[in-house]
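Participant: I am sharing start_8.cif, which consists of mmCIF, C-alpha atoms:
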```
data_start
loop_
_atom_site.label_atom_id
_atom_site.label_comp_id
_atom_site.auth_asym_id
_atom_site.auth_seq_id
_atom_site.Cartn_x
_atom_site.Cartn_y
_atom_site.Cartn_z
CA MET M 1052 -4.48 41.57 -66.19
CA LYS M 1053 -8.27 41.69 -65.78
CA TYR M 1054 -10.47 40.91 -62.80
CA ALA M 1055 -13.96 39.52 -63.01
CA SER M 1056 -16.66 42.08 -62.31
CA ALA M 1057 -18.17 39.61 -59.85
CA THR M 1058 -15.43 40.32 -57.29
CA TYR M 1059 -15.67 44.09 -56.97
CA VAL M 1060 -17.44 47.06 -58.53
CA GLU M 1061 -15.16 49.50 -60.33
CA GLU M 1062 -15.17 53.19 -59.49
CA THR M 1063 -16.95 55.60 -61.84
CA ARG M 1064 -15.00 58.27 -63.70
CA ILE M 1065 -16.35 60.90 -61.29
CA GLY M 1066 -15.30 58.75 -58.35
CA PHE M 1067 -11.85 58.28 -59.81
CA VAL M 1068 -11.40 62.04 -60.16
CA PHE M 1069 -12.73 62.63 -56.63
CA LEU M 1070 -9.98 60.41 -55.21
CA ARG M 1071 -7.43 62.94 -56.51
CA THR M 1072 -9.01 65.96 -54.79
CA HIS M 1073 -8.01 67.91 -51.69
CA THR M 1074 -11.37 67.01 -50.15
CA TRP M 1075 -10.51 63.30 -50.33
CA GLN M 1076 -6.94 63.77 -49.11
CA HIS M 1077 -7.65 66.22 -46.30
CA HIS M 1078 -11.25 65.68 -45.15
CA VAL M 1079 -11.61 61.93 -45.71
CA LEU M 1080 -8.29 60.06 -45.75
CA ARG M 1081 -6.29 62.19 -43.29
CA VAL M 1082 -9.20 62.39 -40.84
CA ALA M 1083 -9.76 58.63 -40.95
CA ILE M 1084 -6.10 57.79 -40.34
CA ASN M 1085 -5.91 60.25 -37.44
CA ASP M 1086 -9.03 58.68 -35.91
CA LEU M 1087 -7.65 55.16 -36.34
CA LYS M 1088 -4.39 56.24 -34.67
CA ARG M 1089 -6.46 57.47 -31.71
CA LEU M 1090 -8.32 54.15 -31.55
CA VAL M 1091 -5.03 52.20 -31.50
CA GLY M 1092 -3.62 54.38 -28.72
CA GLU M 1093 -0.07 55.21 -27.78
CA PRO M 1094 2.49 54.06 -28.48
CA LEU M 1095 1.64 53.37 -32.09
CA PRO M 1096 3.23 50.20 -33.52
CA GLN M 1097 6.30 50.93 -35.60
CA GLY M 1098 8.17 48.97 -38.25
CA GLY M 1099 7.20 45.63 -39.75
CA THR M 1100 5.09 45.18 -42.88
CA LEU M 1101 2.09 47.39 -43.55
CA LEU M 1102 -0.43 46.40 -46.22
CA ASP M 1103 -2.80 48.99 -47.68
CA VAL M 1104 -5.62 47.05 -49.35
CA GLY M 1105 -7.58 49.01 -51.93
CA CYS M 1106 -4.83 51.61 -51.94
CA GLY M 1107 -6.39 53.51 -54.84
CA GLN M 1108 -4.02 56.18 -56.06
CA GLY M 1109 -1.57 55.87 -53.18
CA ARG M 1110 -2.57 59.06 -51.37
CA SER M 1111 -2.46 57.17 -48.06
CA PHE M 1112 1.20 56.14 -48.39
CA ARG M 1113 2.77 59.25 -46.88
CA LEU M 1114 0.27 59.39 -44.01
CA LEU M 1115 0.79 55.72 -43.18
CA ARG M 1116 4.58 56.02 -43.43
CA ASP M 1117 4.62 59.01 -41.10
CA ALA M 1118 2.33 57.31 -38.56
CA PHE M 1119 3.73 53.76 -38.46
CA ALA M 1120 7.21 53.93 -40.06
CA PRO M 1121 6.87 50.47 -41.65
CA GLN M 1122 9.98 48.66 -42.78
CA LYS M 1123 7.96 47.44 -45.76
CA LEU M 1124 4.95 49.20 -47.25
CA VAL M 1125 2.75 47.22 -49.66
CA GLY M 1126 -0.17 48.66 -51.59
CA LEU M 1127 -2.79 46.53 -53.32
CA ASP M 1128 -5.50 47.47 -55.78
CA ALA M 1129 -7.47 45.65 -58.47
CA ASP M 1130 -7.50 48.58 -60.91
CA PRO M 1131 -4.45 48.77 -63.21
CA HIS M 1132 -4.66 52.56 -63.64
CA SER M 1133 -4.83 53.05 -59.85
CA VAL M 1134 -1.80 50.81 -59.40
CA ALA M 1135 0.17 52.88 -61.92
CA LEU M 1136 -0.81 56.11 -60.13
CA SER M 1137 0.08 54.59 -56.75
CA ARG M 1138 3.55 53.76 -57.98
CA GLN M 1139 3.93 57.33 -59.25
CA GLU M 1140 2.74 58.68 -55.89
CA ALA M 1141 5.24 56.52 -54.00
CA GLU M 1142 8.05 57.75 -56.24
CA ARG M 1143 6.95 61.37 -55.83
CA GLU M 1144 6.91 61.03 -52.04
CA GLY M 1145 10.22 59.14 -51.95
CA ILE M 1146 8.56 56.06 -50.46
CA ASP M 1147 9.88 52.58 -51.18
CA ALA M 1148 6.51 50.89 -51.68
CA THR M 1149 5.62 47.64 -53.41
CA VAL M 1150 2.31 48.03 -55.25
CA LEU M 1151 0.47 44.88 -56.33
CA LEU M 1152 -2.25 44.49 -58.93
CA ALA M 1153 -4.52 42.09 -57.07
CA ASP M 1154 -7.99 41.45 -55.68
CA CYS M 1155 -8.65 41.89 -51.95
CA ALA M 1156 -10.27 38.46 -51.94
CA ARG M 1157 -7.11 36.87 -53.41
CA ILE M 1158 -4.05 38.47 -51.81
CA ASP M 1159 -0.76 37.18 -53.19
CA LEU M 1160 1.15 37.34 -49.90
CA PRO M 1161 2.27 34.55 -47.54
CA ASP M 1162 0.34 33.56 -44.44
CA ALA M 1163 1.10 35.62 -41.32
CA SER M 1164 3.33 38.07 -43.21
CA VAL M 1165 1.66 41.41 -42.37
CA ASP M 1166 1.88 43.40 -39.13
CA ILE M 1167 -0.66 46.13 -39.96
CA LEU M 1168 -3.44 45.95 -42.54
CA PHE M 1169 -5.13 49.22 -43.53
CA CYS M 1170 -8.53 49.00 -45.25
CA HIS M 1171 -10.08 52.40 -45.88
CA GLN M 1172 -13.30 52.92 -47.85
CA THR M 1173 -12.74 49.70 -49.77
CA PHE M 1174 -15.19 47.15 -48.40
CA HIS M 1175 -18.30 48.79 -49.87
CA HIS M 1176 -16.84 48.13 -53.34
CA LEU M 1177 -16.31 44.40 -52.68
CA VAL M 1178 -18.79 41.71 -53.59
CA GLU M 1179 -16.87 38.92 -51.82
CA GLN M 1180 -16.60 40.66 -48.46
CA GLU M 1181 -16.36 37.51 -46.34
CA ARG M 1182 -13.67 36.07 -48.58
CA ALA M 1183 -11.70 39.31 -48.39
CA LEU M 1184 -11.95 39.27 -44.61
CA ASP M 1185 -10.68 35.68 -44.61
CA GLU M 1186 -7.68 36.90 -46.62
CA PHE M 1187 -7.06 39.73 -44.15
CA TRP M 1188 -7.05 37.15 -41.35
CA ARG M 1189 -4.73 34.85 -43.26
CA VAL M 1190 -2.04 37.39 -44.11
CA LEU M 1191 -2.03 39.11 -40.71
CA LYS M 1192 0.37 37.83 -38.10
CA PRO M 1193 -1.06 36.72 -34.74
CA GLY M 1194 -1.31 39.95 -32.78
CA GLY M 1195 -1.46 41.89 -36.06
CA LEU M 1196 -3.50 45.06 -36.35
CA LEU M 1197 -6.47 45.63 -38.69
CA LEU M 1198 -7.32 49.28 -39.31
CA PHE M 1199 -10.80 49.24 -40.82
CA ALA M 1200 -12.64 52.39 -41.90
CA GLU M 1201 -15.86 52.09 -43.86
CA SER M 1202 -18.99 53.90 -45.01
CA THR M 1203 -22.26 52.25 -44.08
CA LYS M 1204 -25.37 51.49 -46.08
CA ALA M 1205 -27.01 54.63 -44.65
CA TYR M 1206 -24.49 56.67 -46.67
CA ILE M 1207 -23.98 54.46 -49.74
CA ASP M 1208 -27.72 54.01 -50.30
CA THR M 1209 -28.52 57.71 -50.77
CA TRP M 1210 -29.63 59.35 -53.99
CA VAL M 1211 -26.54 61.48 -54.52
CA ILE M 1212 -24.11 58.60 -53.98
CA ARG M 1213 -26.14 56.25 -56.17
CA TRP M 1214 -26.30 58.96 -58.84
CA PHE M 1215 -22.57 59.66 -59.06
CA PHE M 1216 -20.97 56.41 -57.88
CA ARG M 1217 -21.37 52.68 -58.38
CA HIS M 1218 -21.46 50.04 -55.64
CA PRO M 1219 -22.76 46.47 -55.09
CA MET M 1220 -25.86 47.46 -53.13
CA HIS M 1221 -26.77 43.94 -52.00
CA VAL M 1222 -23.68 43.71 -49.74
CA GLN M 1223 -23.89 47.11 -48.04
CA LYS M 1224 -24.05 46.93 -44.24
CA SER M 1225 -24.85 49.00 -41.19
CA ALA M 1226 -22.15 49.89 -38.66
CA ASP M 1227 -23.39 47.13 -36.33
CA GLU M 1228 -23.32 44.61 -39.17
CA TYR M 1229 -19.72 45.49 -40.04
CA LEU M 1230 -18.71 45.15 -36.40
CA ALA M 1231 -20.49 41.78 -36.21
CA MET M 1232 -18.68 40.64 -39.37
CA LEU M 1233 -15.28 41.49 -37.89
CA ARG M 1234 -16.08 39.80 -34.57
CA GLY M 1235 -17.54 36.79 -36.35
CA ARG M 1236 -14.26 36.26 -38.17
CA GLY M 1237 -12.37 36.35 -34.88
CA PHE M 1238 -10.98 39.87 -34.76
CA ALA M 1239 -10.82 41.30 -31.24
CA PHE M 1240 -11.64 44.86 -30.22
CA GLU M 1241 -13.31 46.77 -27.38
CA GLN M 1242 -15.71 49.70 -27.53
CA ALA M 1243 -12.71 51.99 -27.00
CA ASN M 1244 -11.35 50.72 -30.33
CA VAL M 1245 -14.50 51.70 -32.27
CA SER M 1246 -15.49 55.12 -33.57
CA LEU M 1247 -18.69 56.23 -35.29
CA PRO M 1248 -17.77 59.56 -36.92
CA TYR M 1249 -20.68 61.69 -38.09
CA LEU M 1250 -18.85 63.85 -40.61
CA TRP M 1251 -20.57 66.29 -42.95
CA TRP M 1252 -19.46 64.60 -46.15
CA SER M 1253 -20.82 61.23 -44.98
CA ARG M 1254 -24.40 62.53 -44.76
CA ALA M 1255 -25.34 62.76 -48.40
CA ARG M 1256 -28.97 63.64 -47.70
CA ASP M 1257 -28.06 67.17 -46.50
CA PHE M 1258 -24.27 67.18 -45.96
CA GLY M 1259 -24.90 68.53 -42.45
CA LEU M 1260 -25.99 71.93 -43.80
CA LEU M 1261 -28.73 72.50 -41.21
CA GLU M 1262 -26.22 71.93 -38.43
CA ARG M 1263 -23.54 74.12 -40.00
CA TRP M 1264 -26.11 76.90 -40.41
CA GLY M 1265 -27.07 76.54 -36.73
CA ILE M 1266 -30.65 75.53 -37.50
CA LYS M 1267 -30.46 72.27 -35.56
CA ALA M 1268 -28.00 70.27 -33.47
CA PRO M 1269 -26.64 66.95 -34.75
CA PRO M 1270 -28.45 63.92 -33.34
CA PRO M 1271 -26.47 62.02 -30.70
CA PRO M 1272 -25.26 58.41 -31.11
CA GLY M 1273 -28.17 56.02 -30.78
CA LYS M 1274 -30.55 58.59 -32.24
CA ARG M 1275 -29.20 58.60 -35.78
CA GLU M 1276 -28.30 56.35 -38.68
CA GLU M 1277 -24.54 55.89 -38.46
CA THR M 1278 -22.81 56.66 -41.74
CA LEU M 1279 -19.22 55.71 -40.85
CA VAL M 1280 -17.50 53.09 -38.73
CA ASN M 1281 -13.81 53.00 -37.83
CA VAL M 1282 -12.27 50.06 -35.98
CA ALA M 1283 -8.79 49.22 -34.70
CA ALA M 1284 -8.96 45.43 -34.29
CA ARG M 1285 -6.39 42.73 -33.67
CA LYS M 1286 -5.96 39.16 -34.73
CA PRO M 1287 -5.52 37.45 -31.34
CA LEU M 1288 -2.20 35.87 -30.49
CA ALA M 1289 -3.98 32.56 -29.84
CA HIS M 1290 -6.32 31.82 -32.75
CA ALA M 1291 -8.11 28.94 -34.39
#
```
For this file, produce the structure as structure tokens.
Facilitator:
Amino acid sequence: MKYASATYVEETRIGFVFLRTHTWQHHVLRVAINDLKRLVGEPLPQGGTLLDVGCGQGRSFRLLRDAFAPQKLVGLDADPHSVALSRQEAEREGIDATVLLADCARIDLPDASVDILFCHQTFHHLVEQERALDEFWRVLKPGGLLLFAESTKAYIDTWVIRWFFRHPMHVQKSADEYLAMLRGRGFAFEQANVSLPYLWWSRARDFGLLERWGIKAPPPPGKREETLVNVAARKPLAHA
């Protein structure tokens, strides 16, 4: 099954290999899920159906299972090779996951069938971002939780990322623009549900080397270009 290149931009070979590394698993994925758990607050929702959109190679499955104990875990990705690897990862971890070959902008699930939707480092690959967000809204139950973690244009539009990876540059957004997009679609969240991590790997201009060497302190929020935005948002119980 093939997907039109107009809907998303495929990962490069280097990017595909990177998604299998310890750096991705430990410093990117694990850190993001822990931060999203903090933004949700205790007690974390348990059970129900959890959908991982853009699940890649399934490295999130164990972390999501351990955090939210879903009754049903569904992964979705538009790349056939990633889907095959996700199924292998689920089997290796002993996780009963359903993995779908599908586009984020065309999710083959019923309306209001998902309790938690996890979208990590996927949106900057999508051309049809608004349509994908409409699909997230459609499949989430009223009161359902959207866990959204994304890199901003300030990170994607740097020489090293453009050199090694491939993205649709005309749809990249700032942190404020991503937050406005979520609010504009109707998702509800407070400032306490938003995080702007300033992690070394997300600053491709210098990877935070000057700060790690003690030459300078990191700039505070409001004095820097934000490179990451994490949001724990909900689809309101009463919605249009």
Participant: For Glu1276 (chain M), which residue out of M:Asn1244, M:Thr1100, M:Thr1072, M:Thr1203 is the nearest one, using only C-alpha atoms?
Facilitator: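 Closest candidate: M:Thr1203.
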Participant: Please compute the CA of Trp1251 (chain M)-CA of Glu1093 (chain M) distance, one decimal, in Å.
Facilitator: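 So the answer is 27.8 Å.
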Participant: Using all atoms listed in the file, determine which residues lie at most 7 Å from Arg1189 (chain M), disregarding the query and same-chain residues fewer than 4 positions distant; provide the list as a list in words.
Facilitator: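 What passes the distance filter is Asp1162, Ala1163 and Asp1185 of chain M.
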Participant: Restricting the calculation to all atoms listed in the file, which member of M:Thr1173, M:Thr1278, M:Ser1246, M:Gln1076 is positioned closest to Val1091 (chain M)?
Facilitator: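 Looking at the shortest contact to Val1091 (chain M), the residue is M:Ser1246.
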Participant: List, as a list in words, every residue that the PyMOL selection byres ((chain M and resi 1144-1152) around 8) selects in the file provided.
Facilitator: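 Taken over the shown coordinates, the PyMOL selection byres ((chain M and resi 1144-1152) around 8) returns Phe1112, Arg1113, Lys1123, Leu1124, Val1125, Gly1126, Leu1127, Asp1128, Ala1129, Asp1130, Pro1131, Val1134, Ser1137, Arg1138, Glu1140, Ala1141, Glu1142, Arg1143, Ala1153 and Asp1154 of chain M.
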Participant: Contacts of Leu1087 (chain M) at 8 Å or less, counting only C-alpha atoms, minus same-chain residues fewer than 3 places along, as a ChimeraX atom specification?
Facilitator: /M:1083-1084,1090-1091,1198,1200,1281-1283
Participant: Go through M:Val1104, M:Val1211, M:Val1082, M:Leu1115 and flag the residue nearest Ala1183 (chain M), using all atoms listed in the file for the distances.
Facilitator: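 Looking only at the distances to Ala1183 (chain M), the closest residue turns out to be M:Val1104.
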Participant: Just to confirm, what's the straight-line distance from CA of Phe1119 (chain M) to CA of Ala1231 (chain M) in Å (one decimal)?
Facilitator: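 Those two atoms sit 27.1 Å apart.
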Participant: Measuring between all atoms listed in the file, which one of M:Asp1117, M:Asp1086, M:Glu1277, M:Asp1159 shows the shortest distance to Ala1243 (chain M)?
Facilitator: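 Comparing M:Asp1117, M:Asp1086, M:Glu1277, M:Asp1159 against Ala1243 (chain M), the winner is M:Asp1086.
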Participant: Can you spell out as a ChimeraX atom specification the set of residues that the PyMOL selection byres ((chain M and resi 1186) around 12) selects in the structure I just provided?
Facilitator: /M:1102,1104,1154-1165,1168,1179-1185,1187-1192,1197,1236
Participant: Go ahead and compute the interatomic distance for CA of Leu1177 (chain M) and CA of Lys1274 (chain M), in Å to one decimal.
Facilitator: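 These atoms are spaced 28.7 Å apart.
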Participant: Let me make sure I understand: among M:His1171, M:His1176, M:Arg1081, M:Lys1286, which one has the smallest atom-to-atom distance to Phe1238 (chain M) if we use all atoms listed in the file?
Facilitator: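 Counting all atoms listed in the file, the residue closest to Phe1238 (chain M) is M:Lys1286.
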Participant: Can I get the residues of region 1142-1246 of chain M within 12 Å of region 1258-1271 of chain M, each with the closest pair of atoms and their distance in Å to one decimal, using only C-alpha atoms, sorted chain first then ascending number, as a tab-separated table?
Facilitator:
```
residue	atom	partner	partner_atom	distance
M:Tyr1206	CA	M:Phe1258	CA	10.5
M:Thr1209	CA	M:Phe1258	CA	11.4
M:Val1211	CA	M:Phe1258	CA	10.5
M:Ile1212	CA	M:Phe1258	CA	11.7
```
